[in-house]
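Trainee: Here you go, this is data_32.txt (compact mmCIF, C-alpha atoms and all ligand atoms).
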# COMPACT_ATOMS: atom_id res chain seq x y z
CA MET A 1 6.27 19.40 4.51
CA ASP A 2 6.62 22.18 7.09
CA ASN A 3 4.15 23.25 9.77
CA ARG A 4 3.23 26.49 8.01
CA THR A 5 2.16 24.62 4.88
CA LEU A 6 0.22 22.03 6.88
CA ALA A 7 -1.44 24.77 8.98
CA ALA A 8 -2.48 26.60 5.80
CA ILE A 9 -3.94 23.39 4.35
CA ALA A 10 -5.85 22.73 7.59
CA ARG A 11 -7.27 26.28 7.44
CA GLN A 12 -8.20 26.07 3.77
CA TYR A 13 -9.65 22.56 3.61
CA GLY A 14 -10.67 21.89 7.20
CA THR A 15 -9.94 18.81 9.26
CA PRO A 16 -9.76 15.89 9.41
CA CYS A 17 -7.94 15.63 6.13
CA PHE A 18 -5.17 13.69 4.48
CA VAL A 19 -2.38 15.50 2.67
CA PHE A 20 -0.17 13.54 0.30
CA ASP A 21 3.03 15.25 -0.76
CA GLU A 22 3.75 14.26 -4.36
CA ALA A 23 7.11 16.06 -4.37
CA ALA A 24 8.27 14.05 -1.34
CA LEU A 25 6.99 10.86 -2.98
CA ALA A 26 8.89 11.62 -6.19
CA SER A 27 12.13 12.29 -4.39
CA ARG A 28 11.85 9.06 -2.37
CA MET A 29 11.03 7.00 -5.45
CA ARG A 30 13.92 8.50 -7.42
CA GLU A 31 16.23 7.48 -4.60
CA VAL A 32 14.66 4.00 -4.55
CA LYS A 33 15.40 3.68 -8.27
CA ARG A 34 18.95 4.95 -7.81
CA ILE A 35 19.55 2.37 -5.06
CA VAL A 36 18.24 -0.66 -6.95
CA GLY A 37 19.60 0.35 -10.35
CA ASP A 38 18.16 -0.07 -13.83
CA ALA A 39 18.06 -3.86 -13.73
CA VAL A 40 15.46 -3.97 -10.94
CA HIS A 41 12.03 -2.75 -11.97
CA LEU A 42 9.40 -1.13 -9.75
CA CYS A 43 5.72 -1.93 -9.26
CA TYR A 44 3.39 0.00 -6.93
CA SER A 45 0.67 -1.92 -5.08
CA ILE A 46 -2.19 0.55 -5.30
CA LYS A 47 -3.99 -0.94 -2.31
CA ALA A 48 -1.63 1.12 -0.15
CA ASN A 49 -3.07 4.39 -1.45
CA PRO A 50 -4.82 4.81 -4.82
CA PHE A 51 -4.57 8.60 -4.59
CA LEU A 52 -0.87 8.30 -5.40
CA ILE A 53 -1.48 6.61 -8.76
CA PRO A 54 -1.10 9.74 -10.95
CA ALA A 55 2.24 10.60 -9.36
CA MET A 56 3.39 6.99 -9.32
CA LEU A 57 2.84 6.63 -13.06
CA ASP A 58 5.95 8.77 -13.56
CA LEU A 59 7.93 6.82 -10.97
CA VAL A 60 7.24 3.10 -11.47
CA GLU A 61 6.69 0.83 -14.43
CA LEU A 62 3.75 -1.23 -13.17
CA LEU A 63 0.75 -0.99 -10.89
CA GLU A 64 -0.37 -4.06 -8.99
CA VAL A 65 -4.16 -4.11 -9.02
CA CYS A 66 -5.85 -6.61 -6.76
CA SER A 67 -9.60 -6.31 -7.29
CA PRO A 68 -12.21 -5.16 -9.82
CA GLY A 69 -12.65 -1.99 -7.74
CA GLU A 70 -8.96 -1.20 -7.95
CA LEU A 71 -9.13 -1.76 -11.69
CA GLU A 72 -12.07 0.66 -11.93
CA ILE A 73 -9.92 3.29 -10.22
CA CYS A 74 -7.24 2.78 -12.88
CA GLU A 75 -9.82 2.93 -15.65
CA HIS A 76 -11.22 6.15 -14.20
CA LEU A 77 -7.70 7.60 -14.26
CA ARG A 78 -7.17 6.30 -17.82
CA VAL A 79 -4.10 4.35 -16.79
CA ASP A 80 -2.53 2.50 -19.71
CA PRO A 81 -3.81 -1.07 -19.06
CA ALA A 82 -0.50 -2.46 -20.29
CA ARG A 83 0.98 -1.09 -17.06
CA VAL A 84 -1.45 -3.03 -14.86
CA LEU A 85 -0.64 -6.37 -13.30
CA PHE A 86 -4.01 -7.87 -12.40
CA SER A 87 -3.54 -9.95 -9.27
CA GLY A 88 -5.81 -11.00 -6.40
CA VAL A 89 -6.85 -14.18 -4.64
CA THR A 90 -10.42 -13.96 -5.94
CA LYS A 91 -10.75 -13.82 -9.69
CA THR A 92 -14.12 -14.66 -11.16
CA ARG A 93 -14.76 -15.27 -14.83
CA GLU A 94 -16.39 -11.82 -14.99
CA ASP A 95 -13.42 -10.12 -13.28
CA ILE A 96 -11.01 -11.70 -15.73
CA GLU A 97 -13.12 -10.92 -18.79
CA HIS A 98 -13.66 -7.34 -17.67
CA ALA A 99 -9.91 -6.89 -17.14
CA MET A 100 -9.09 -8.43 -20.52
CA ASP A 101 -11.67 -6.24 -22.23
CA ALA A 102 -10.25 -3.21 -20.47
CA GLY A 103 -6.93 -4.03 -22.12
CA VAL A 104 -5.06 -5.60 -19.21
CA THR A 105 -2.46 -7.98 -20.60
CA THR A 106 -0.73 -9.53 -17.59
CA PHE A 107 -2.36 -11.57 -14.84
CA THR A 108 -1.30 -13.56 -11.83
CA ALA A 109 -2.76 -17.02 -11.28
CA GLU A 110 -3.19 -18.07 -7.67
CA SER A 111 -4.76 -21.49 -8.19
CA ALA A 112 -5.53 -24.19 -10.73
CA LEU A 113 -8.99 -22.59 -11.07
CA HIS A 114 -7.45 -19.21 -11.98
CA ILE A 115 -5.36 -20.90 -14.68
CA ARG A 116 -8.43 -22.58 -16.14
CA LEU A 117 -10.55 -19.38 -16.07
CA LEU A 118 -7.73 -17.30 -17.56
CA ASN A 119 -7.15 -19.85 -20.31
CA GLU A 120 -10.85 -20.02 -21.20
CA ALA A 121 -11.21 -16.23 -21.31
CA ALA A 122 -8.01 -15.85 -23.33
CA THR A 123 -9.11 -18.58 -25.76
CA ARG A 124 -12.43 -16.77 -26.32
CA ARG A 125 -10.45 -13.64 -27.22
CA GLY A 126 -8.17 -15.52 -29.57
CA ARG A 127 -4.97 -14.25 -28.06
CA VAL A 128 -2.23 -15.32 -25.70
CA TYR A 129 -1.87 -13.66 -22.31
CA PRO A 130 1.26 -13.62 -20.15
CA VAL A 131 0.66 -15.10 -16.68
CA LEU A 132 2.73 -15.04 -13.51
CA LEU A 133 2.15 -18.07 -11.31
CA ARG A 134 1.89 -16.97 -7.70
CA LEU A 135 3.75 -19.27 -5.34
CA THR A 136 2.24 -19.49 -1.88
CA ALA A 137 4.20 -18.48 1.20
CA GLY A 138 2.09 -20.88 3.26
CA SER A 139 -1.14 -18.87 3.46
CA GLN A 140 -4.35 -18.81 1.41
CA PHE A 141 -2.55 -16.73 -1.23
CA GLY A 142 -0.91 -18.23 -4.26
CA MET A 143 -0.62 -21.89 -5.12
CA ASP A 144 1.35 -24.72 -3.62
CA GLU A 145 4.67 -25.50 -5.29
CA ARG A 146 3.15 -28.86 -6.26
CA ASP A 147 0.38 -27.11 -8.26
CA LEU A 148 2.83 -24.62 -9.74
CA ARG A 149 5.06 -27.44 -10.96
CA ASP A 150 2.05 -29.30 -12.29
CA ALA A 151 0.96 -26.22 -14.28
CA ILE A 152 4.43 -25.78 -15.74
CA ALA A 153 4.76 -29.48 -16.56
CA HIS A 154 1.44 -29.30 -18.45
CA ARG A 155 1.84 -25.81 -19.87
CA ASP A 156 1.07 -27.00 -23.40
CA ALA A 157 -2.49 -27.70 -22.24
CA PHE A 158 -3.05 -23.95 -21.75
CA ALA A 159 -2.54 -22.76 -25.30
CA ALA A 160 -3.90 -19.25 -24.66
CA LEU A 161 -1.56 -18.57 -21.74
CA ARG A 162 2.15 -18.04 -21.59
CA PHE A 163 3.58 -18.70 -18.15
CA VAL A 164 6.22 -16.01 -17.99
CA GLY A 165 7.34 -16.35 -14.43
CA ILE A 166 6.71 -16.38 -10.70
CA HIS A 167 4.94 -13.99 -8.35
CA TYR A 168 5.90 -14.08 -4.68
CA PHE A 169 4.85 -12.00 -1.69
CA SER A 170 4.82 -13.31 1.84
CA GLY A 171 4.15 -10.38 4.17
CA THR A 172 4.59 -6.78 5.15
CA GLN A 173 6.71 -4.76 7.66
CA ARG A 174 9.46 -7.36 7.73
CA ALA A 175 12.63 -6.00 9.32
CA LYS A 176 14.82 -9.10 9.43
CA LEU A 177 16.43 -9.25 6.01
CA ASP A 178 18.48 -12.40 6.68
CA LYS A 179 15.56 -14.32 8.10
CA ASP A 180 13.02 -13.25 5.50
CA GLN A 181 13.92 -11.49 2.26
CA ARG A 182 17.39 -13.00 1.70
CA LYS A 183 16.06 -16.49 2.36
CA GLU A 184 13.23 -15.87 -0.09
CA LEU A 185 15.57 -14.60 -2.80
CA THR A 186 17.73 -17.70 -2.35
CA MET A 187 14.64 -19.90 -2.52
CA LEU A 188 13.48 -18.16 -5.72
CA ALA A 189 16.89 -18.58 -7.37
CA ALA A 190 16.87 -22.28 -6.47
CA LEU A 191 13.35 -22.62 -7.84
CA LEU A 192 14.46 -21.15 -11.18
CA ASP A 193 17.21 -23.78 -11.41
CA SER A 194 14.89 -26.57 -10.46
CA LEU A 195 12.14 -25.54 -12.93
CA ALA A 196 14.74 -25.29 -15.69
CA ASN A 197 16.19 -28.72 -14.89
CA ASP A 198 12.92 -30.52 -14.33
CA TYR A 199 10.76 -29.01 -17.09
CA GLY A 200 13.06 -27.05 -19.37
CA PHE A 201 11.17 -23.97 -18.14
CA ALA A 202 12.94 -20.68 -18.70
CA CYS A 203 11.56 -18.22 -16.15
CA GLU A 204 11.48 -14.79 -17.81
CA ARG A 205 10.15 -12.73 -14.91
CA ILE A 206 9.92 -12.64 -11.16
CA GLU A 207 7.57 -10.23 -9.43
CA TYR A 208 8.68 -10.10 -5.80
CA GLY A 209 7.13 -8.23 -2.88
CA PRO A 210 9.86 -7.77 -0.24
CA GLY A 211 7.46 -6.09 2.26
CA LEU A 212 10.27 -3.90 3.59
CA TYR A 213 9.95 -2.28 7.01
CA PHE A 214 9.04 1.35 7.49
CA PRO A 215 9.48 2.93 10.97
CA TYR A 216 6.23 4.58 12.13
CA PHE A 217 6.87 5.25 15.78
CA ALA A 218 8.72 8.07 17.51
CA HIS A 219 11.11 5.79 19.40
CA GLU A 220 12.41 4.25 16.14
CA ASP A 221 15.35 5.35 14.01
CA HIS A 222 14.14 7.65 11.22
CA SER A 223 17.57 8.79 10.08
CA ASP A 224 17.54 6.68 6.90
CA THR A 225 14.23 5.01 6.17
CA LEU A 226 15.66 3.65 2.90
CA ALA A 227 18.36 1.68 4.75
CA PRO A 228 16.64 -1.73 4.37
CA LEU A 229 16.53 -1.28 0.60
CA ARG A 230 20.20 -0.22 0.49
CA ALA A 231 21.07 -3.40 2.40
CA LEU A 232 18.96 -5.65 0.20
CA ALA A 233 19.90 -4.08 -3.15
CA PRO A 234 22.89 -6.38 -3.89
CA ASP A 235 20.70 -9.44 -3.30
CA LEU A 236 18.00 -8.06 -5.59
CA GLN A 237 20.57 -7.23 -8.25
CA ALA A 238 21.97 -10.77 -8.06
CA LEU A 239 18.54 -12.24 -8.82
CA SER A 240 17.93 -9.66 -11.55
CA ALA A 241 20.95 -11.08 -13.38
CA ARG A 242 18.98 -14.32 -13.73
CA CYS A 243 15.67 -12.96 -15.07
CA ARG A 244 13.68 -9.73 -15.21
CA LEU A 245 13.02 -8.80 -11.57
CA THR A 246 10.31 -6.40 -10.45
CA ILE A 247 9.87 -5.45 -6.80
CA GLU A 248 6.30 -4.79 -5.82
CA MET A 249 5.63 -2.63 -2.78
CA GLY A 250 3.13 -0.26 -1.22
CA ARG A 251 4.06 0.63 2.35
CA PHE A 252 7.78 1.22 1.85
CA PHE A 253 7.19 3.45 -1.16
CA ALA A 254 4.20 5.43 0.07
CA SER A 255 4.26 5.80 3.86
CA ALA A 256 6.57 8.79 4.13
CA CYS A 257 4.63 11.13 1.84
CA GLY A 258 1.42 11.31 3.88
CA HIS A 259 0.18 13.59 6.69
CA TYR A 260 -3.13 13.47 8.53
CA LEU A 261 -4.44 16.68 10.03
CA THR A 262 -6.90 16.59 12.88
CA THR A 263 -8.07 19.35 15.22
CA VAL A 264 -8.41 19.22 19.00
CA VAL A 265 -12.12 19.74 19.66
CA ASP A 266 -12.28 19.11 23.41
CA ALA A 267 -9.95 18.83 26.38
CA LYS A 268 -10.72 17.50 29.84
CA VAL A 269 -9.32 15.70 32.85
CA ASN A 270 -11.07 12.43 33.73
CA ALA A 271 -9.97 10.44 36.76
CA GLY A 272 -6.69 12.30 36.83
CA ARG A 273 -5.87 11.76 33.14
CA SER A 274 -5.80 14.61 30.56
CA TYR A 275 -7.74 13.74 27.44
CA ALA A 276 -7.63 15.66 24.17
CA ILE A 277 -10.46 14.72 21.82
CA VAL A 278 -9.76 15.24 18.13
CA ASP A 279 -12.11 15.43 15.16
CA GLY A 280 -10.50 12.36 13.53
CA GLY A 281 -9.63 9.02 15.04
CA ILE A 282 -8.60 5.43 14.51
CA HIS A 283 -11.07 5.14 11.62
CA HIS A 284 -8.60 7.24 9.59
CA VAL A 285 -5.29 6.65 11.34
CA ASN A 286 -3.81 3.22 10.92
CA TYR A 287 -0.18 2.48 11.75
CA LEU A 288 0.49 -1.24 11.64
CA GLY A 289 1.68 -2.25 15.13
CA GLY A 290 0.20 0.80 16.84
CA ALA A 291 -2.90 -0.69 18.48
CA MET A 292 -4.61 1.28 21.28
CA GLY A 293 -2.13 4.14 21.00
CA MET A 294 0.51 2.19 22.92
CA ARG A 295 3.20 3.37 20.49
CA THR A 296 3.43 7.02 19.60
CA PRO A 297 3.71 7.87 15.91
CA VAL A 298 5.58 10.94 14.67
CA ILE A 299 3.27 13.87 15.35
CA THR A 300 3.72 17.62 15.22
CA HIS A 301 1.65 20.06 17.21
CA ILE A 302 0.46 23.10 15.25
CA PRO A 303 -0.84 25.83 17.57
CA GLY A 304 -4.31 27.19 16.86
CA PRO A 305 -5.85 30.58 17.75
CA ALA A 306 -6.53 29.64 21.41
CA HIS A 307 -3.14 28.02 21.95
CA GLY A 308 -1.97 28.86 25.43
CA ASP A 309 1.39 29.10 27.07
CA GLY A 310 0.35 26.40 29.52
CA ALA A 311 2.95 24.09 30.91
CA GLN A 312 3.80 20.82 29.30
CA ALA A 313 1.39 18.03 30.22
CA ASP A 314 0.90 14.42 29.25
CA TRP A 315 -2.14 14.01 27.04
CA THR A 316 -4.11 11.01 25.93
CA LEU A 317 -5.21 11.69 22.35
CA CYS A 318 -8.60 10.19 21.53
CA GLY A 319 -10.76 10.29 18.43
CA SER A 320 -14.45 10.74 17.76
CA LEU A 321 -15.68 7.15 17.82
CA CYS A 322 -17.88 5.56 20.48
CA THR A 323 -15.33 3.01 21.51
CA THR A 324 -12.66 3.02 24.18
CA ALA A 325 -10.41 1.62 21.45
CA ASP A 326 -10.32 5.04 19.78
CA VAL A 327 -7.04 6.02 21.41
CA LEU A 328 -4.56 7.51 18.96
CA VAL A 329 -1.84 8.03 21.56
CA ARG A 330 -1.91 6.76 25.12
CA SER A 331 0.44 9.40 26.53
CA MET A 332 2.20 12.27 24.83
CA PRO A 333 3.80 15.36 26.39
CA LEU A 334 2.51 18.52 24.69
CA ASP A 335 3.04 22.19 25.50
CA GLY A 336 0.00 24.38 26.07
CA LEU A 337 -2.39 22.16 24.12
CA ALA A 338 -5.69 23.94 23.49
CA ILE A 339 -8.93 23.39 21.65
CA GLY A 340 -8.39 24.44 18.02
CA ASP A 341 -4.79 23.25 17.84
CA VAL A 342 -4.03 20.94 14.94
CA LEU A 343 -2.10 17.71 15.29
CA ALA A 344 -0.31 16.42 12.20
CA PHE A 345 0.27 12.68 12.10
CA HIS A 346 3.11 11.90 9.71
CA ASN A 347 4.15 8.88 7.63
CA ILE A 348 0.52 8.09 6.91
CA GLY A 349 0.82 7.72 3.12
CA ALA A 350 0.06 3.98 3.07
CA TYR A 351 -2.87 1.93 4.35
CA SER A 352 -4.74 4.67 6.21
CA VAL A 353 -6.98 5.97 3.44
CA THR A 354 -7.72 2.40 2.41
CA GLU A 355 -7.50 0.33 5.58
CA GLY A 356 -9.15 2.44 8.27
CA PRO A 357 -12.63 1.36 9.48
CA ALA A 358 -13.92 4.59 7.98
CA LEU A 359 -17.63 3.78 8.20
CA PHE A 360 -17.86 3.28 11.96
CA LEU A 361 -20.17 5.83 13.58
CA SER A 362 -21.13 7.23 10.18
CA ARG A 363 -18.67 10.08 10.48
CA ASN A 364 -17.82 11.78 7.23
CA MET A 365 -14.77 10.65 5.33
CA PRO A 366 -11.81 13.03 5.36
CA ARG A 367 -10.97 15.30 2.48
CA ILE A 368 -7.94 14.33 0.44
CA VAL A 369 -5.46 16.99 -0.61
CA LEU A 370 -2.49 16.48 -2.93
CA ALA A 371 0.43 18.86 -2.67
CA ASP A 372 3.37 19.46 -4.98
CA ALA A 373 5.79 22.28 -5.69
CA ARG A 374 2.94 24.37 -7.16
CA GLY A 375 0.78 24.13 -4.03
CA ALA A 376 -2.12 22.10 -2.70
CA ARG A 377 -5.28 20.93 -4.45
CA LEU A 378 -8.38 19.11 -3.28
CA VAL A 379 -8.80 15.78 -5.11
CA ARG A 380 -11.58 14.22 -3.07
CA ASP A 381 -14.17 16.11 -1.14
CA THR A 382 -15.65 14.71 2.02
CA ILE A 383 -18.04 11.77 1.58
CA ARG A 384 -21.05 11.38 3.84
CA SER A 385 -20.78 7.96 5.47
CA SER A 386 -24.44 8.27 6.47
CA ASP A 387 -25.27 7.83 2.76
CA ILE A 388 -23.51 4.46 2.86
CA ASN A 389 -24.71 3.21 6.25
CA ARG A 390 -28.36 3.15 5.26
CA SER A 391 -30.66 1.49 2.79
CA ASN A 392 -30.17 2.78 -0.73
CA LEU A 393 -33.32 1.25 -2.19
C1 LIG A 401 0.48 -9.44 -3.48
C2 LIG A 401 0.91 -8.25 -2.71
N1 LIG A 401 1.92 -7.51 -3.19
C3 LIG A 401 2.36 -6.41 -2.54
C4 LIG A 401 1.76 -5.97 -1.37
C5 LIG A 401 2.26 -4.73 -0.73
O1 LIG A 401 2.86 -4.95 0.49
P1 LIG A 401 3.68 -3.79 1.18
O2 LIG A 401 2.74 -2.65 1.33
O3 LIG A 401 4.20 -4.33 2.46
O4 LIG A 401 4.81 -3.41 0.26
C6 LIG A 401 0.70 -6.73 -0.82
C7 LIG A 401 0.07 -6.31 0.44
O5 LIG A 401 -0.87 -6.87 0.94
C8 LIG A 401 0.26 -7.89 -1.52
O6 LIG A 401 -0.78 -8.61 -1.07
Let me see the file written as structure tokens.

Mentor:
Amino acid sequence: MDNRTLAAIARQYGTPCFVFDEAALASRMREVKRIVGDAVHLCYSIKANPFLIPAMLDLVELLEVCSPGELEICEHLRVDPARVLFSGVTKTREDIEHAMDAGVTTFTAESALHIRLLNEAATRRGRVYPVLLRLTAGSQFGMDERDLRDAIAHRDAFAALRFVGIHYFSGTQRAKLDKDQRKELTMLAALLDSLANDYGFACERIEYGPGLYFPYFAHEDHSDTLAPLRALAPDLQALSARCRLTIEMGRFFASACGHYLTTVVDAKVNAGRSYAIVDGGIHHVNYLGGAMGMRTPVITHIPGPAHGDGAQADWTLCGSLCTTADVLVRSMPLDGLAIGDVLAFHNIGAYSVTEGPALFLSRNMPRIVLADARGARLVRDTIRSSDINRSNL
């Protein structure tokens, strides 16, 4: 998205605001699909950015939904529940029953308790639900291989469930394909063999989260941000020859389509350092690995009405929170920076809208604008955090 378009959006909707470019998202996702081929299916983890759901429905088969709140978002958008995979480490009886009543058909089970609750709820509804057993990667998520094997060995005891396969996700922003993803794909293939040999279990599906790396910072190589997927595609295709393989991702799919616009509202020199204060801050801007502004994300500088022809200077870009941690960039050379200029932070399509500590200091939440070939439209107006940070009784 070019500077003129971003400047026009900043003028029309004000700042701070997020802009998500649905056309850019669609073109990235079409390329993702071309790279992996028809045999590898796509699932979008909506935790990365629920505002992309409407566009994603044309671009992926499934949505991974991890909480009752995320399910409510899908219900609000009238998403076909057959396209929801209901996952999550906490599943209460009520969560499961609500999801089943909403029409969700496929669930992950992350523990023996989940299997029991799912089976009871399914039995009460008199139907059989497909379940993916989530294998742990050594954290609190998923179940130990011992429990997974135990469930498969005793699968006849869960008459209202059909264990259709394995769910596996171990982490995000992982750049070392040999060390991580390829090892995991080999492990999953070996597990299929072993489950077939030991229990006569035919695994129909694997839902795998490769957590591929996306480069956020200016010093990184941005020439082909799809390169990790190109490199991994043959390995994914090899596993997809064994059973139906779906790759589940958020960050790698969504990061590139987002921009965050924030305006310089003050400029000063303190103890010899030039500070630009912006109307946003770290409560909205979240680049994994970018703590305390030590790494500079990709930013463009959009001159405002008072923009000067001042010389280039190094600026420390700080937000509006009462914490010295609110440093967006420790040091960035900018030409003629002036109050009223807009800074556009790019690649912010994933985990900023949802993961920022948005309530700190009770500053209002940013507007959200979606853009496509027809133009820009407001999809969420600002929300007053002061309404949330006080008693509502
Ligand atoms: C189960 C599961 N799948 C997929 C994802 C998405 O990860 P990423 O955004 O790295 O693709 C997450 C992220 O936390 C997750 O917990």

Trainee: Within 12 Å of region 7-17 of chain A, counting only C-alpha atoms, which residues qualify if same-chain residues fewer than 4 places away don't, as number ranges by chain?

Mentor: A: 1-3, 21, 258-265, 278-285, 300-305, 319-320, 340-345, 348, 352-353, 363-371, 375-383

Trainee: Using only C-alpha atoms, please write the residues we just selected to a file, as an mmCIF file, in the coordinates of the input.

Mentor:
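Wrote it out as again_24.cif, contents follow:
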data_model
loop_
_atom_site.group_PDB
_atom_site.id
_atom_site.type_symbol
_atom_site.label_atom_id
_atom_site.label_comp_id
_atom_site.auth_asym_id
_atom_site.auth_seq_id
_atom_site.Cartn_x
_atom_site.Cartn_y
_atom_site.Cartn_z
ATOM 1 C CA MET A 1 6.270 19.400 4.510
ATOM 2 C CA ASP A 2 6.620 22.180 7.090
ATOM 3 C CA ASN A 3 4.150 23.250 9.770
ATOM 4 C CA ASP A 21 3.030 15.250 -0.760
ATOM 5 C CA GLY A 258 1.420 11.310 3.880
ATOM 6 C CA HIS A 259 0.180 13.590 6.690
ATOM 7 C CA TYR A 260 -3.130 13.470 8.530
ATOM 8 C CA LEU A 261 -4.440 16.680 10.030
ATOM 9 C CA THR A 262 -6.900 16.590 12.880
ATOM 10 C CA THR A 263 -8.070 19.350 15.220
ATOM 11 C CA VAL A 264 -8.410 19.220 19.000
ATOM 12 C CA VAL A 265 -12.120 19.740 19.660
ATOM 13 C CA VAL A 278 -9.760 15.240 18.130
ATOM 14 C CA ASP A 279 -12.110 15.430 15.160
ATOM 15 C CA GLY A 280 -10.500 12.360 13.530
ATOM 16 C CA GLY A 281 -9.630 9.020 15.040
ATOM 17 C CA ILE A 282 -8.600 5.430 14.510
ATOM 18 C CA HIS A 283 -11.070 5.140 11.620
ATOM 19 C CA HIS A 284 -8.600 7.240 9.590
ATOM 20 C CA VAL A 285 -5.290 6.650 11.340
ATOM 21 C CA THR A 300 3.720 17.620 15.220
ATOM 22 C CA HIS A 301 1.650 20.060 17.210
ATOM 23 C CA ILE A 302 0.460 23.100 15.250
ATOM 24 C CA PRO A 303 -0.840 25.830 17.570
ATOM 25 C CA GLY A 304 -4.310 27.190 16.860
ATOM 26 C CA PRO A 305 -5.850 30.580 17.750
ATOM 27 C CA GLY A 319 -10.760 10.290 18.430
ATOM 28 C CA SER A 320 -14.450 10.740 17.760
ATOM 29 C CA GLY A 340 -8.390 24.440 18.020
ATOM 30 C CA ASP A 341 -4.790 23.250 17.840
ATOM 31 C CA VAL A 342 -4.030 20.940 14.940
ATOM 32 C CA LEU A 343 -2.100 17.710 15.290
ATOM 33 C CA ALA A 344 -0.310 16.420 12.200
ATOM 34 C CA PHE A 345 0.270 12.680 12.100
ATOM 35 C CA ILE A 348 0.520 8.090 6.910
ATOM 36 C CA SER A 352 -4.740 4.670 6.210
ATOM 37 C CA VAL A 353 -6.980 5.970 3.440
ATOM 38 C CA ARG A 363 -18.670 10.080 10.480
ATOM 39 C CA ASN A 364 -17.820 11.780 7.230
ATOM 40 C CA MET A 365 -14.770 10.650 5.330
ATOM 41 C CA PRO A 366 -11.810 13.030 5.360
ATOM 42 C CA ARG A 367 -10.970 15.300 2.480
ATOM 43 C CA ILE A 368 -7.940 14.330 0.440
ATOM 44 C CA VAL A 369 -5.460 16.990 -0.610
ATOM 45 C CA LEU A 370 -2.490 16.480 -2.930
ATOM 46 C CA ALA A 371 0.430 18.860 -2.670
ATOM 47 C CA GLY A 375 0.780 24.130 -4.030
ATOM 48 C CA ALA A 376 -2.120 22.100 -2.700
ATOM 49 C CA ARG A 377 -5.280 20.930 -4.450
ATOM 50 C CA LEU A 378 -8.380 19.110 -3.280
ATOM 51 C CA VAL A 379 -8.800 15.780 -5.110
ATOM 52 C CA ARG A 380 -11.580 14.220 -3.070
ATOM 53 C CA ASP A 381 -14.170 16.110 -1.140
ATOM 54 C CA THR A 382 -15.650 14.710 2.020
ATOM 55 C CA ILE A 383 -18.040 11.770 1.580
#

Trainee: Mind giving me the straight-line distance from CA of Cys257 (chain A) to CA of Leu25 (chain A) in Å, one decimal?

Mentor: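 These atoms are spaced 5.4 Å apart.
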
Trainee: Kindly work out which residues sit at most 10 Å from ligand LIG 401 (chain A), using only C-alpha atoms and all ligand atoms, and give the list as a ChimeraX atom specification.

Mentor: /A:43-49,64-66,87-89,108,134,141-142,167-174,207-214,247-255,350-351

Trainee: With a distance cut-off of 10 Å and only C-alpha atoms, select the neighbouring residues of Asp193 (chain A), excluding the residue or stretch itself and same-chain residues fewer than 4 positions from it, and output the selection as a PyMOL selection string.

Mentor: chain A and resi 188-189+197-198+200-203+242

Trainee: Which distance in Å separates CA of Ala82 (chain A) and CA of Gly103 (chain A), to one decimal?

Mentor: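 Distance between the two atoms: 6.9 Å.
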
Trainee: Using all atoms listed in the file, which residue out of A:Arg30, A:Leu77, A:Ser386, A:Ile152 lies closest to Ile53 (chain A)?

Mentor: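 Comparing A:Arg30, A:Leu77, A:Ser386, A:Ile152 against Ile53 (chain A), the winner is A:Leu77.
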
Trainee: Given all atoms listed in the file as the basis, pick out the residue of A:Val128, A:Ala121, A:Ala160, A:Ile73 nearest to Lys91 (chain A).

Mentor: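 Using all atoms listed in the file, Lys91 (chain A) sits closest to A:Ala121.
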
Trainee: Hey, what's within 10 Å of region 325-335 of chain A if we count all atoms listed in the file and toss same-chain stuff fewer than 6 positions away? As a PyMOL selection string, please?

Mentor: chain A and resi 273-278+280-283+285-287+290-297+299-301+303+307-319+345

Trainee: May I ask which of the residues A:Gly349, A:Arg149, A:Ser362, A:Met56 is the closest one to Arg384 (chain A), counting all atoms listed in the file?

Mentor: A:Ser362

Trainee: For a test of reading the model, state the distance in Å between CA of Thr106 (chain A) and CA of Tyr129 (chain A), rounded to one decimal.

Mentor: 6.4 Å

Trainee: Write out as lines of an AutoDock Vina configuration file an axis-aligned box for region 225-228 of chain A: all of its atoms listed in the file, 5 Å added on each side, centre and edge lengths in Å with one decimal.

Mentor:
center_x = 16.3
center_y = 1.6
center_z = 4.5
size_x = 14.1
size_y = 16.7
size_z = 13.3

Trainee: Counting all atoms listed in the file, which residue out of A:Arg374, A:Thr354, A:Leu185, A:Pro130 sits closest to Phe18 (chain A)?

Mentor: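 Of all the options, A:Thr354 lies closest to Phe18 (chain A).
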
Trainee: Give the answer as one residue: which of A:Glu97, A:Asp80, A:Glu22, A:Asp150 has the shortest atom-to-atom distance to Ala112 (chain A), using only C-alpha atoms?

Mentor: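 Going through A:Glu97, A:Asp80, A:Glu22, A:Asp150 one by one, the smallest distance to Ala112 (chain A) is for A:Asp150.
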